[in-house]
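One structure below.
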Amino acid sequence: MNKSNLTGFVLIFAIMMGFSWYQSRQYQKQAAAQAQLDSIARVEQMAAMAMDSMKRAQGIVPENEVNVMTMPAYKDSMLTEARLASASFHKLENDKIEIEFTTKGAQPYTVKIKDYKAYDSTDLYLIKPQASEYGISLFAGENINTKDFVFQVAEHNDSTIIMQLPFAGGGYIQQKFWLESGSYMMQNELSFVNMDGIIPRNVSMLDIDWSVVIPRLEKGYKNEKQYSKLDFYYDGDKKPEEIGRGRDESERIDTRFKWFAFQQQFFSAIMTAGTEFSSADFSLKFYSEDEYKAAGNLMACSANLRSDFQAGSGNVTIPYQFYFGPNDYRTLKSYDQKYEKIIPLGGWMVGWFSRLVIIPCFDFLGRFISNYGLVILLMTIFIKLLISPLTIKSYKSSAKMQVIKPEVDKLNAKYPNEKDAMKKQQAMMDLYQKAGISPMGGCLPMLLQMPILFAMFRFFPASIELRQQKFLWADDLSAYDSIVDFGFNIPLLGDHLSLFALLMAITMFIYSKMTSSQMSDDPNMAGMKFMSVWLMPIMMFFICNNLSAALSYYYLLSNIITMGMTWYIRKFVVTEEKVRADMMLRANQPKKKSKWQQRLEEAQKMQEQMQKQQRHK
């Protein structure tokens, strides 16, 4: 080893020893300072504990005061101080919502939605006092959750509030919330300022826990419960996923997603990540009907979320958004986040008809007419006119069936045995062809109307425009209309009697009696007749008795208009004389067998051949 190498090693050793001595001195100074802070914190904690004991002995401990006897000790003295501090409350508001914050956890304490009232005409609070708990958990030298600490207010005005949780090292966690005019959306920035030396570099995630008790806001338990749920949305999907529609449910999500919603029938609390949440545990639990009426609570929702965090990258800011507002289709759609998809409008076909026909028609009429009972009447007439071609086609088929009914009865008498079923069916097809009747002529138009019926079934209970709108004896078209309150529950029926549901069932029975006369007297059709005339009206009454009065009212109008159209079509459009003349004209025209009839004849020939072979054997 030459002289130069030896000198280099000596210098390197001297530098290392000097750096080690310097680091040791710095550590001793920091430890002494921290020990002094910890000593002060212990004294303060002991004093607080003594004060707490005195208060308890005197019986004057406030209900919400922190119990320092069970409070954990923190390494950071400023966290201990924040844990013992008293919370204060501050409001943000615009023309749409009013949010009260508590500095305990820097979180929303209450949320009031303006321009709406609860079922009992009181202010509508989507979040009531002590009904929400929001906290962020992470490792900052020790495990902490922001909900345990009182933040300091750094800035506050009508539209913005900034709250900070300081650490002894000079860094702090900051929550900034602000509202914009005319919006139900609250913006949020969660920031970690000068926390590089406090949060280790290997921390890559933070946890967010949000639990909310959604209060009772509507008149009827079953209706409100049935249309309340929890939704979550994967970025890029056509619609969100949902859990717990009207039932208790929990689900673990291990795939990244964009937002989730605690959805009541007509109002929602939606949280959206600036980028995406990485995973979540969701839970939804409904209160019983007795608790719903006594305590005024609908459901308890919870979301345990995990979000990305980049430690060691300087100041870190993570954006979030909170929507507190109505489930109004156009309002939700205006945020361009697919929020409007939480409104239950049905599957793709039913939802397509609702979005392109029902909602625009409903909104257009609502601009000029303030009485929504009249709006529903006009919309029902419009829809009936829209589908009238299908209705007339169905009636024509039914009228033709009525004309050939004697011939059908003769065929039933001619082929009474099951072994002649193929011959009977062939003879029926020949008769239908001569009369110009399609086997699906009566069923197909009705099937094409089914999406409209389902669209209405979905639309009315979910339409916030009908909420608390009065019409005739109904005080709220979005809830049931009660003319008799029993004071006790009857299985399947409930504790009341809905007049719109009863009238709807009666008109449904009358219409079924009108049309049942056109059904065949075939014994095999007896069950169908019984279901149509008796079973369906009774079932619909029990179903609609607890649902939206607007829905029962629509079905009532639809039945009345349909009966009127039936009478008019039978009297002037599809008379027996016109049907017979049309059938005679078709009888003189050359016959062309349909593909279905050709396949039926081939099947009949094959059956006859098989029967011959069996007889030869």
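Each chain of the structure tokens is named A, B, ... in the order shown, its residues numbered from 1; ligands are numbered from 1 in display order.
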
Counting only C-alpha atoms, what is within 12 Å of Met205 (chain A), bar same-chain residues fewer than 4 positions away, as a PyMOL selection string? chain A and resi 136-140+199-201+277-279+305-311+318

So that I can check the surroundings of Ala479 (chain A), please list as a ChimeraX atom specification every protein, DNA and RNA residue that reaches within 12 Å of it, counting only C-alpha atoms and ignoring chain neighbours fewer than 6 positions away. /A:119,217-227,265-266,460-464,466-471,498,500-501,544-553

For the selection just defined, write its residues with C-alpha atoms to a file, as a PDB file, in the first residue's frame.
ATOM      1  CA  TYR A 119     -91.640  14.625   5.588  1.00  0.00           C
ATOM      2  CA  LEU A 217     -86.769  11.906   5.293  1.00  0.00           C
ATOM      3  CA  GLU A 218     -89.955  10.485   3.738  1.00  0.00           C
ATOM      4  CA  LYS A 219     -93.444   9.435   4.765  1.00  0.00           C
ATOM      5  CA  GLY A 220     -93.371   5.672   4.165  1.00  0.00           C
ATOM      6  CA  TYR A 221     -90.774   3.215   5.463  1.00  0.00           C
ATOM      7  CA  LYS A 222     -91.130   0.524   2.793  1.00  0.00           C
ATOM      8  CA  ASN A 223     -91.040   2.944  -0.122  1.00  0.00           C
ATOM      9  CA  GLU A 224     -88.065   4.914   1.225  1.00  0.00           C
ATOM     10  CA  LYS A 225     -86.179   1.743   2.117  1.00  0.00           C
ATOM     11  CA  GLN A 226     -86.817   0.081  -1.250  1.00  0.00           C
ATOM     12  CA  TYR A 227     -85.199   2.960  -3.169  1.00  0.00           C
ATOM     13  CA  GLN A 265     -84.555   7.622  -2.081  1.00  0.00           C
ATOM     14  CA  PHE A 266     -84.301  11.276  -3.138  1.00  0.00           C
ATOM     15  CA  PHE A 460     -92.585   7.669 -10.568  1.00  0.00           C
ATOM     16  CA  PRO A 461     -91.178   6.406  -7.219  1.00  0.00           C
ATOM     17  CA  ALA A 462     -87.726   7.819  -8.136  1.00  0.00           C
ATOM     18  CA  SER A 463     -88.898  11.208  -9.457  1.00  0.00           C
ATOM     19  CA  ILE A 464     -87.966  13.919  -6.954  1.00  0.00           C
ATOM     20  CA  LEU A 466     -93.228  14.530  -7.308  1.00  0.00           C
ATOM     21  CA  ARG A 467     -91.871  14.689  -3.769  1.00  0.00           C
ATOM     22  CA  GLN A 468     -94.361  16.409  -1.421  1.00  0.00           C
ATOM     23  CA  GLN A 469     -96.572  17.437  -4.366  1.00  0.00           C
ATOM     24  CA  LYS A 470    -100.259  17.418  -3.393  1.00  0.00           C
ATOM     25  CA  PHE A 471    -103.091  16.212  -5.620  1.00  0.00           C
ATOM     26  CA  SER A 498    -104.357   3.617  -0.346  1.00  0.00           C
ATOM     27  CA  PHE A 500    -105.440   5.286  -5.605  1.00  0.00           C
ATOM     28  CA  ALA A 501    -104.230   1.676  -5.323  1.00  0.00           C
ATOM     29  CA  CYS A 544     -99.081  -0.592  -4.998  1.00  0.00           C
ATOM     30  CA  ASN A 545    -100.659   0.016  -1.587  1.00  0.00           C
ATOM     31  CA  ASN A 546     -97.245   0.949  -0.128  1.00  0.00           C
ATOM     32  CA  LEU A 547     -95.738   2.515  -3.261  1.00  0.00           C
ATOM     33  CA  SER A 548     -95.903   5.966  -4.781  1.00  0.00           C
ATOM     34  CA  ALA A 549     -99.412   7.431  -5.146  1.00  0.00           C
ATOM     35  CA  ALA A 550     -98.278   8.806  -8.531  1.00  0.00           C
ATOM     36  CA  LEU A 551     -97.643   5.255  -9.751  1.00  0.00           C
ATOM     37  CA  SER A 552    -101.105   4.006  -8.706  1.00  0.00           C
ATOM     38  CA  TYR A 553    -102.647   7.182 -10.154  1.00  0.00           C
TER      39      TYR A 553
END

Rounded to one decimal place, report the CA of Leu477 (chain A)-CA of Asp328 (chain A) distance in Å.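 Interatomic distance, CA of Leu477 (chain A) to CA of Asp328 (chain A): 16.1 Å.
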
Could you work out how far CA of Lys393 (chain A) lies from CA of Leu535 (chain A), giving the answer in Å with one decimal? 26.3 Å

Closest to Ala82 (chain A) among A:Val375, A:Val111, A:Leu165, A:Ala154, using only C-alpha atoms? A:Leu165

Any idea what's packed within 10 Å of Tyr116 (chain A), counting only C-alpha atoms, ignoring anything in its chain fewer than 3 positions away? Could you give it as a ChimeraX atom specification? /A:96,112-113,119,121-125,325-326,467-468

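With only C-alpha atoms taken into account, the protein and nucleic acid residues at most 6 Å from region 185-196 of chain A (excluding it and anything under 2 positions from it in its own chain) are Gly171, Tyr172, Ile173, Gln174, Gln175, Lys176, Phe177, Trp178, Leu179, Ser183, Ile198, Ile199, Gly312, Asn315, Val316, Thr317, Ile318, Pro319, Tyr320, Gln321, Phe322 and Tyr323 of chain A.
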
So, counting only C-alpha atoms, which residue among A:Arg216, A:Asp495, A:Trp567, A:Lys239 is closest to Glu291 (chain A)?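 Among A:Arg216, A:Asp495, A:Trp567, A:Lys239, it is A:Arg216 that comes nearest to Glu291 (chain A).
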
Contacts of Phe364 (chain A) at 12 Å or less, counting only C-alpha atoms, minus same-chain residues fewer than 4 places along, as a ChimeraX atom specification? /A:357-360,368-370,372,375-376,378-379

Can those selected residues be exported to a file as a PDB file, in the first residue's frame so that it contains N, CA, C and O atoms?
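What follows is the written file selection_32.pdb:
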ATOM      1  N   VAL A 357     -87.715   9.682 -23.602  1.00  0.00           N
ATOM      2  CA  VAL A 357     -89.132  10.013 -23.804  1.00  0.00           C
ATOM      3  C   VAL A 357     -89.770  10.549 -22.516  1.00  0.00           C
ATOM      4  O   VAL A 357     -90.274  11.672 -22.481  1.00  0.00           O
ATOM      5  N   ILE A 358     -89.733   9.756 -21.452  1.00  0.00           N
ATOM      6  CA  ILE A 358     -90.489  10.107 -20.245  1.00  0.00           C
ATOM      7  C   ILE A 358     -89.939  11.357 -19.570  1.00  0.00           C
ATOM      8  O   ILE A 358     -90.686  12.305 -19.288  1.00  0.00           O
ATOM      9  N   ILE A 359     -88.626  11.392 -19.301  1.00  0.00           N
ATOM     10  CA  ILE A 359     -88.052  12.536 -18.584  1.00  0.00           C
ATOM     11  C   ILE A 359     -88.191  13.833 -19.371  1.00  0.00           C
ATOM     12  O   ILE A 359     -88.628  14.858 -18.813  1.00  0.00           O
ATOM     13  N   PRO A 360     -87.851  13.875 -20.687  1.00  0.00           N
ATOM     14  CA  PRO A 360     -88.061  15.131 -21.438  1.00  0.00           C
ATOM     15  C   PRO A 360     -89.524  15.565 -21.472  1.00  0.00           C
ATOM     16  O   PRO A 360     -89.821  16.761 -21.331  1.00  0.00           O
ATOM     17  N   PHE A 368     -94.729  24.334 -17.638  1.00  0.00           N
ATOM     18  CA  PHE A 368     -95.925  25.139 -17.883  1.00  0.00           C
ATOM     19  C   PHE A 368     -97.068  24.830 -16.912  1.00  0.00           C
ATOM     20  O   PHE A 368     -97.980  25.627 -16.778  1.00  0.00           O
ATOM     21  N   ILE A 369     -97.010  23.666 -16.272  1.00  0.00           N
ATOM     22  CA  ILE A 369     -98.109  23.253 -15.391  1.00  0.00           C
ATOM     23  C   ILE A 369     -97.537  22.963 -14.013  1.00  0.00           C
ATOM     24  O   ILE A 369     -96.625  22.140 -13.869  1.00  0.00           O
ATOM     25  N   SER A 370     -98.053  23.617 -13.001  1.00  0.00           N
ATOM     26  CA  SER A 370     -97.548  23.434 -11.644  1.00  0.00           C
ATOM     27  C   SER A 370     -98.204  22.256 -10.932  1.00  0.00           C
ATOM     28  O   SER A 370     -97.656  21.735  -9.962  1.00  0.00           O
ATOM     29  N   TYR A 372     -98.888  18.610 -10.626  1.00  0.00           N
ATOM     30  CA  TYR A 372     -98.302  17.401 -11.205  1.00  0.00           C
ATOM     31  C   TYR A 372     -99.333  16.302 -11.429  1.00  0.00           C
ATOM     32  O   TYR A 372     -99.066  15.356 -12.178  1.00  0.00           O
ATOM     33  N   VAL A 375    -100.063  17.018 -14.903  1.00  0.00           N
ATOM     34  CA  VAL A 375     -98.908  16.632 -15.725  1.00  0.00           C
ATOM     35  C   VAL A 375     -98.937  15.132 -16.004  1.00  0.00           C
ATOM     36  O   VAL A 375     -98.721  14.693 -17.145  1.00  0.00           O
ATOM     37  N   ILE A 376     -99.232  14.338 -14.968  1.00  0.00           N
ATOM     38  CA  ILE A 376     -99.294  12.886 -15.158  1.00  0.00           C
ATOM     39  C   ILE A 376    -100.441  12.513 -16.089  1.00  0.00           C
ATOM     40  O   ILE A 376    -100.306  11.614 -16.934  1.00  0.00           O
ATOM     41  N   LEU A 378    -101.745  14.365 -18.593  1.00  0.00           N
ATOM     42  CA  LEU A 378    -101.368  14.707 -19.970  1.00  0.00           C
ATOM     43  C   LEU A 378    -100.289  13.754 -20.500  1.00  0.00           C
ATOM     44  O   LEU A 378    -100.317  13.361 -21.670  1.00  0.00           O
ATOM     45  N   MET A 379     -99.345  13.385 -19.638  1.00  0.00           N
ATOM     46  CA  MET A 379     -98.296  12.471 -20.072  1.00  0.00           C
ATOM     47  C   MET A 379     -98.865  11.083 -20.364  1.00  0.00           C
ATOM     48  O   MET A 379     -98.429  10.405 -21.313  1.00  0.00           O
TER      49      MET A 379
END

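Note that the spacing between CA of Ser132 (chain A) and CA of Thr275 (chain A) amounts to 24.1 Å.
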
As a VMD selection string, please: every residue in region 246-454 of chain A that a backbone DSSP assignment puts in alpha helix (DSSP H). chain A and resid 289 to 294 329 to 333 348 to 353 359 to 368 372 to 386 388 to 403 405 to 414 421 to 435 443 to 454
